[in-house]
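The structure under discussion appears below in the form of structure tokens.
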Amino acid sequence: MTVRTRFAPSPTGYMHIGNLRTALYAYLVARKDPDGVFILRIEDTDQGRLVEGATDIIYDTIRACGLKHDEGPDVGGDYGPYVQSERVTSGIYRDYAERLIKRGGAHYCFCDEEMLQAQREAEGDSFKYDDPCKLLSPEECAKRIAEGAKYVVRQTIPEGQTSFDDEVFGTITVDNSTLDEQVLLKSDGFPTYNFANVIDDHLMGITDVVRGMEYLSSTPKYNLIYNAFDWDIPRYIHCPPVMKDEHSKLSKRNGDASFQDLVDKGYLPEAILNYIALLGWAPEEDREIYTLDELVQAFNVKRIGKVGAIFDPEKLKWLNGMWLRQMDLDSYTELVTPYINKAVKGDFDRHKIAAIIQQRANTLQEIPGMLTFFDEFPSFENDLYFNKKMKTNAEVAKEILPECRTVLQNQEDWSQEALHTVLLELPKKLEKKNGQVLFPLRVAITGLPSTPGGAIEIASILGKEETLRRLDIAISQL
RNA sequence: GGCGCGUUGGUGAAGCGGCUUAACACACCGCCCUCUCAAGGCGGCAUUCACGGGUUCGAAUCCCGUACGCGUCACCA
């Protein structure tokens, strides 16, 4: 049977990392089957929570991540519409609710808020609504509806036990007496999530339901609905949450980063996806770096963990650095040039600058801060020349820098290779260590205790004129 | 409170009864390399798997209990 999975977010205007991971897993499960189908469905039945532009964030995110869907509101498909509010209009939920009532899986309920409230207060924590409407005859119901009474449709829970198999949690059995008779169709005619989800998943032929484990305890109720309709029950894959710390989930409320926030902070979508794949799932081999296609190969539902995983920004950073470092220099330069330009206005070779930061930057955002010394030659104290390991200090600098100046003054070829050749002759000639020459030179032309790249690389980027200008200033202040 | 699920280091985790004196990765700490900083290389970092019992010749791995955590019990999704 062809695998069909779905990602069914509600448009809240915020792409939660945990949600994105669920989407990833659903995508991987589908792609694992060469004919598998990945579906995007928008669940917008909560009219009160609609947010302007929120669906665009969903489209943008899954596109940026490469989680291409085969069916969805924007690409069509044979099982549409793919937006839940449009499905409501077509009346399918009401239709199925009535069919479910006929099959004994649900009943009309005319109780008002006060009745529920009264019972809720009387029973306290152990509250479970005992709905008198269950006993109403079909004729009585029809009569009241004809009279215009407001009603909802509630699920009817039979006696007995319900058990189901989950791919990650195994077999779970519950006593039906613990299940409550939830509302399926609201009085405004809209389905609740619980109902719409089951109907839509069935109608769309979903074979594998991938979702967060907060639905684990309502799954028996869903199965009762499937059974009442005599429908096939899908494979369940419940994923543990992505945590902020050991007590709380990552959430908007906690001010935690969304996918977009992470991109804005300079993380690559590929790295983010790679990282979240590893949160709660472990590959069989010892490996950390995976492209999306490689994840499809490596993924195995059986290796999803049962425990919530804490999101570790440090490891994401490292992983992002790995992704950045393995890019070829041309694409890296293209990616990074806007960030270089934030700090560097001068006419310096962006390619060469990109080359010196590629091995050092873990996020795009930290790049401008690394490059401030190109446009501005900061004033500095002469004790910056002191370095214990290099055995250098202002005295050494005073001896070395004029020598450097002379060499550079006569140098026409300012390529890195050429500078390397001529500058490395100096330590030999002066009977010094390389560091004793190059360290003071680097300080002299950057004015900083540490910089990305060494003296040669930086001099080559600064160019002859600027290098000599800085060198003169440095020498004059010694 | 009922029901369900879980608990291996600071973090992600491997482990599925003997090969484990518990992989690997991030972080951290050393050393090496090195013109600084990175990157890279090497090494260190849980005598112990929430706790208490039991089963077994043998348990992180199986069973029971306790503790703690999470989820759920809406006309939210």
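In the structure tokens, the first chain shown is A, the next is B, and so on; residue numbers restart at 1 for each chain, and ligands run from 1 in the order shown.
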
Hey, what's within 10 Å of Gly205 in chain A if we count only C-alpha atoms (C1' of nucleotides) and toss same-chain stuff fewer than 6 positions away? As a list in words, please? Thr2, Val3, Arg4, Thr5, Arg6, Tyr79, Ile199, Asp232 and Pro234 of chain A

Residues as selected, N, CA and C atoms, written as an mmCIF file, in the first residue's frame, can you do that?
data_model
loop_
_atom_site.group_PDB
_atom_site.id
_atom_site.type_symbol
_atom_site.label_atom_id
_atom_site.label_comp_id
_atom_site.auth_asym_id
_atom_site.auth_seq_id
_atom_site.Cartn_x
_atom_site.Cartn_y
_atom_site.Cartn_z
ATOM 1 N N THR A 2 0.500 2.188 -0.820
ATOM 2 C CA THR A 2 1.261 3.429 -0.901
ATOM 3 C C THR A 2 1.122 4.236 0.382
ATOM 4 N N VAL A 3 2.239 4.660 0.898
ATOM 5 C CA VAL A 3 2.220 5.443 2.128
ATOM 6 C C VAL A 3 1.762 6.870 1.836
ATOM 7 N N ARG A 4 0.844 7.335 2.633
ATOM 8 C CA ARG A 4 0.407 8.727 2.534
ATOM 9 C C ARG A 4 0.479 9.349 3.925
ATOM 10 N N THR A 5 1.249 10.419 4.056
ATOM 11 C CA THR A 5 1.318 11.106 5.349
ATOM 12 C C THR A 5 0.914 12.554 5.139
ATOM 13 N N ARG A 6 0.671 13.191 6.265
ATOM 14 C CA ARG A 6 0.260 14.580 6.125
ATOM 15 C C ARG A 6 0.895 15.432 7.213
ATOM 16 N N TYR A 79 -7.742 14.862 -3.428
ATOM 17 C CA TYR A 79 -8.475 14.672 -2.184
ATOM 18 C C TYR A 79 -8.873 15.992 -1.519
ATOM 19 N N ILE A 199 -11.910 12.438 10.253
ATOM 20 C CA ILE A 199 -12.609 12.412 8.963
ATOM 21 C C ILE A 199 -11.637 12.735 7.822
ATOM 22 N N ASP A 232 -10.364 1.579 8.158
ATOM 23 C CA ASP A 232 -9.043 1.079 8.565
ATOM 24 C C ASP A 232 -8.349 2.085 9.474
ATOM 25 N N PRO A 234 -5.144 3.895 10.866
ATOM 26 C CA PRO A 234 -3.803 4.149 10.322
ATOM 27 C C PRO A 234 -2.706 3.684 11.276
#

Residue contacts of range 186-198 of chain A (10 Å, only C-alpha atoms (C1' of nucleotides)) excluding same-chain residues fewer than 3 positions away, as an MDAnalysis selection string: (chainID A and resid 8 43:47 84:85 87:89 91:94 96:97 109:110 149:155 182:183 201:204 206 215 218:219 221:223 225:226 233) or (chainID B and resid 75:77)

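Interatomic distance, CA of Ile367 in chain A to CA of Leu262 in chain A: 15.3 Å.
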
So which residues touch A39 in chain B within 10 Å, counting only C-alpha atoms (C1' of nucleotides), skipping near sequence neighbours fewer than 3 positions away, as a CSV table (one decimal) with C-alpha atoms, in the first residue's frame?
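The result, written out as around_11.csv:
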chain,number,residue,atom,x,y,z
A,325,ARG,CA,32.5,25.1,6.2
A,358,GLN,CA,34.6,30.4,6.3
A,359,GLN,CA,36.6,28.3,8.7
A,360,ARG,CA,35.7,30.5,11.6
A,361,ALA,CA,32.0,31.5,11.5

What residues in chain B have any atom no more than 9 Å from chain A when counting only C-alpha atoms (C1' of nucleotides), and can you write them as number ranges by chain? B: 1-7, 11-14, 23-27, 35-39, 69-77

For the selection you just gave me, I'd like the residues written to a file as a compact mmCIF listing (two decimals), in the first residue's frame, keeping C-alpha atoms (C1' of nucleotides).
# COMPACT_ATOMS: atom_id res chain seq x y z
C1' G B 1 -7.35 13.60 41.39
C1' G B 2 -8.29 9.60 37.23
C1' C B 3 -5.98 7.69 33.03
C1' G B 4 -1.69 7.31 29.84
C1' C B 5 3.57 7.78 28.94
C1' G B 6 8.43 8.30 30.45
C1' U B 7 13.39 8.40 33.65
C1' U B 11 23.06 18.33 26.38
C1' G B 12 21.71 15.00 22.05
C1' A B 13 22.19 9.83 22.50
C1' A B 14 23.98 4.19 21.52
C1' A B 23 29.72 3.81 21.89
C1' C B 24 29.47 8.32 19.33
C1' A B 25 28.48 13.75 18.98
C1' C B 26 27.94 18.89 21.31
C1' A B 27 29.86 21.57 25.48
C1' C B 35 51.61 34.21 12.19
C1' U B 36 46.61 35.62 16.51
C1' C B 37 41.59 33.52 16.50
C1' A B 38 39.37 29.55 14.43
C1' A B 39 39.48 24.96 11.91
C1' G B 69 8.70 14.43 35.37
C1' C B 70 5.55 15.01 31.13
C1' G B 71 0.85 14.57 28.63
C1' U B 72 -4.45 14.39 28.84
C1' C B 73 -9.27 14.93 31.07
C1' A B 74 -12.47 22.33 26.37
C1' C B 75 -18.28 23.63 21.81
C1' C B 76 -8.50 24.79 21.29
C1' A B 77 -5.74 22.58 17.84

Nearby residues (only C-alpha atoms (C1' of nucleotides)) at most 8 Å from range 49-60 of chain B, same-chain spacing under 4 positions excluded, as a ChimeraX atom specification: /B:7-8,17-18,22,64-68

Preceding selection exported with C-alpha atoms (C1' of nucleotides) as a short mmCIF file (atom, residue, chain, number, x, y, z; two decimals), in the first residue's frame:
data_model
loop_
_atom_site.label_atom_id
_atom_site.label_comp_id
_atom_site.auth_asym_id
_atom_site.auth_seq_id
_atom_site.Cartn_x
_atom_site.Cartn_y
_atom_site.Cartn_z
"C1'" U B 7 13.39 8.40 33.65
"C1'" U B 8 21.32 6.27 30.63
"C1'" G B 17 20.38 -10.44 29.27
"C1'" G B 18 27.00 -12.03 28.99
"C1'" A B 22 28.40 2.15 29.13
"C1'" C B 64 7.19 -5.49 40.77
"C1'" G B 65 6.94 -1.22 43.84
"C1'" U B 66 8.33 3.96 45.11
"C1'" A B 67 9.78 8.76 43.70
"C1'" C B 68 9.99 12.38 40.18
#

What residues in range 93-267 of chain A get the DSSP label helix (DSSP H, G or I)? Please answer as a VMD selection string. chain A and resid 93 to 102 113 to 126 132 to 135 138 to 146 176 to 178 193 to 203 213 to 229 259 to 264

Mind checking DSSP for range 101-296 of chain A and telling me the strand (DSSP E or B) residues as a PyMOL selection string? chain A and resi 106-109+152-155+161-166+170-175+183-185+191+208-212+235-239+242-243+249+281

Gap from C1' of U47 in chain B to C1' of G10 in chain B - Å, one decimal: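 Rounded to one decimal, the two atoms are 19.9 Å apart.
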
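Relative to CA of Leu423 in chain A, CA of Asn393 in chain A is found at 19.1 Å.
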
Env of range 55-64 of chain A: 12 Å cut, atoms = only C-alpha atoms (C1' of nucleotides), seq-sep filter 3 positions within chain, self excluded. Answer as a PyMOL selection string. chain A and resi 7-17+19-24+27+38-44+50-52+67-69+72-75+83+258-263+267-273+292

Export, as a PDB file, in the first residue's frame, the selected residues with C-alpha atoms.
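Contents of the output file selection.pdb:
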ATOM      1  CA  PHE A   7       1.468  17.675   7.855  1.00  0.00           C
ATOM      2  CA  ALA A   8      -1.556  19.466   9.275  1.00  0.00           C
ATOM      3  CA  PRO A   9      -0.569  22.709  10.967  1.00  0.00           C
ATOM      4  CA  SER A  10      -2.953  25.364  12.061  1.00  0.00           C
ATOM      5  CA  PRO A  11      -1.985  28.797  10.848  1.00  0.00           C
ATOM      6  CA  THR A  12      -0.847  30.567  13.981  1.00  0.00           C
ATOM      7  CA  GLY A  13       1.769  32.727  12.306  1.00  0.00           C
ATOM      8  CA  TYR A  14       4.667  31.003  13.995  1.00  0.00           C
ATOM      9  CA  MET A  15       6.516  27.916  12.812  1.00  0.00           C
ATOM     10  CA  HIS A  16       7.353  26.119  15.945  1.00  0.00           C
ATOM     11  CA  ILE A  17      10.497  23.984  15.916  1.00  0.00           C
ATOM     12  CA  ASN A  19       6.045  21.325  14.641  1.00  0.00           C
ATOM     13  CA  LEU A  20       8.664  21.537  11.965  1.00  0.00           C
ATOM     14  CA  ARG A  21      10.246  18.377  13.247  1.00  0.00           C
ATOM     15  CA  THR A  22       6.894  16.615  13.074  1.00  0.00           C
ATOM     16  CA  ALA A  23       6.594  17.817   9.485  1.00  0.00           C
ATOM     17  CA  LEU A  24      10.075  16.499   8.759  1.00  0.00           C
ATOM     18  CA  TYR A  27       7.913  13.862   5.130  1.00  0.00           C
ATOM     19  CA  PHE A  38       3.286  13.867   1.465  1.00  0.00           C
ATOM     20  CA  ILE A  39       0.274  16.103   1.977  1.00  0.00           C
ATOM     21  CA  LEU A  40      -0.145  19.569   3.411  1.00  0.00           C
ATOM     22  CA  ARG A  41      -3.453  20.295   5.045  1.00  0.00           C
ATOM     23  CA  ILE A  42      -4.285  23.563   6.725  1.00  0.00           C
ATOM     24  CA  GLU A  43      -6.348  23.187   9.880  1.00  0.00           C
ATOM     25  CA  ASP A  44      -8.060  26.497  10.363  1.00  0.00           C
ATOM     26  CA  LEU A  50      -6.944  33.145  12.525  1.00  0.00           C
ATOM     27  CA  VAL A  51      -3.858  35.214  11.887  1.00  0.00           C
ATOM     28  CA  GLU A  52      -3.232  37.272   8.782  1.00  0.00           C
ATOM     29  CA  LEU A  67       9.861  19.527   2.412  1.00  0.00           C
ATOM     30  CA  LYS A  68       8.039  19.497  -0.874  1.00  0.00           C
ATOM     31  CA  HIS A  69       4.456  18.351  -0.607  1.00  0.00           C
ATOM     32  CA  GLY A  72      -1.996  20.686  -0.721  1.00  0.00           C
ATOM     33  CA  PRO A  73      -3.985  23.878  -1.090  1.00  0.00           C
ATOM     34  CA  ASP A  74      -1.431  25.451  -3.418  1.00  0.00           C
ATOM     35  CA  VAL A  75      -0.544  22.417  -5.517  1.00  0.00           C
ATOM     36  CA  VAL A  83      -8.013  23.772   3.759  1.00  0.00           C
ATOM     37  CA  SER A 258      10.797  29.834  15.634  1.00  0.00           C
ATOM     38  CA  PHE A 259      12.238  28.508  12.416  1.00  0.00           C
ATOM     39  CA  GLN A 260      12.227  32.008  10.985  1.00  0.00           C
ATOM     40  CA  ASP A 261      13.994  33.403  14.033  1.00  0.00           C
ATOM     41  CA  LEU A 262      16.769  30.880  13.588  1.00  0.00           C
ATOM     42  CA  VAL A 263      17.149  31.723   9.915  1.00  0.00           C
ATOM     43  CA  TYR A 267      21.364  29.463  10.559  1.00  0.00           C
ATOM     44  CA  LEU A 268      20.973  27.542   7.323  1.00  0.00           C
ATOM     45  CA  PRO A 269      17.641  25.762   6.816  1.00  0.00           C
ATOM     46  CA  GLU A 270      19.631  22.634   5.952  1.00  0.00           C
ATOM     47  CA  ALA A 271      21.455  22.786   9.255  1.00  0.00           C
ATOM     48  CA  ILE A 272      18.292  23.448  11.235  1.00  0.00           C
ATOM     49  CA  LEU A 273      16.578  20.508   9.603  1.00  0.00           C
ATOM     50  CA  LEU A 292      17.495  15.848   3.532  1.00  0.00           C
TER      51      LEU A 292
END
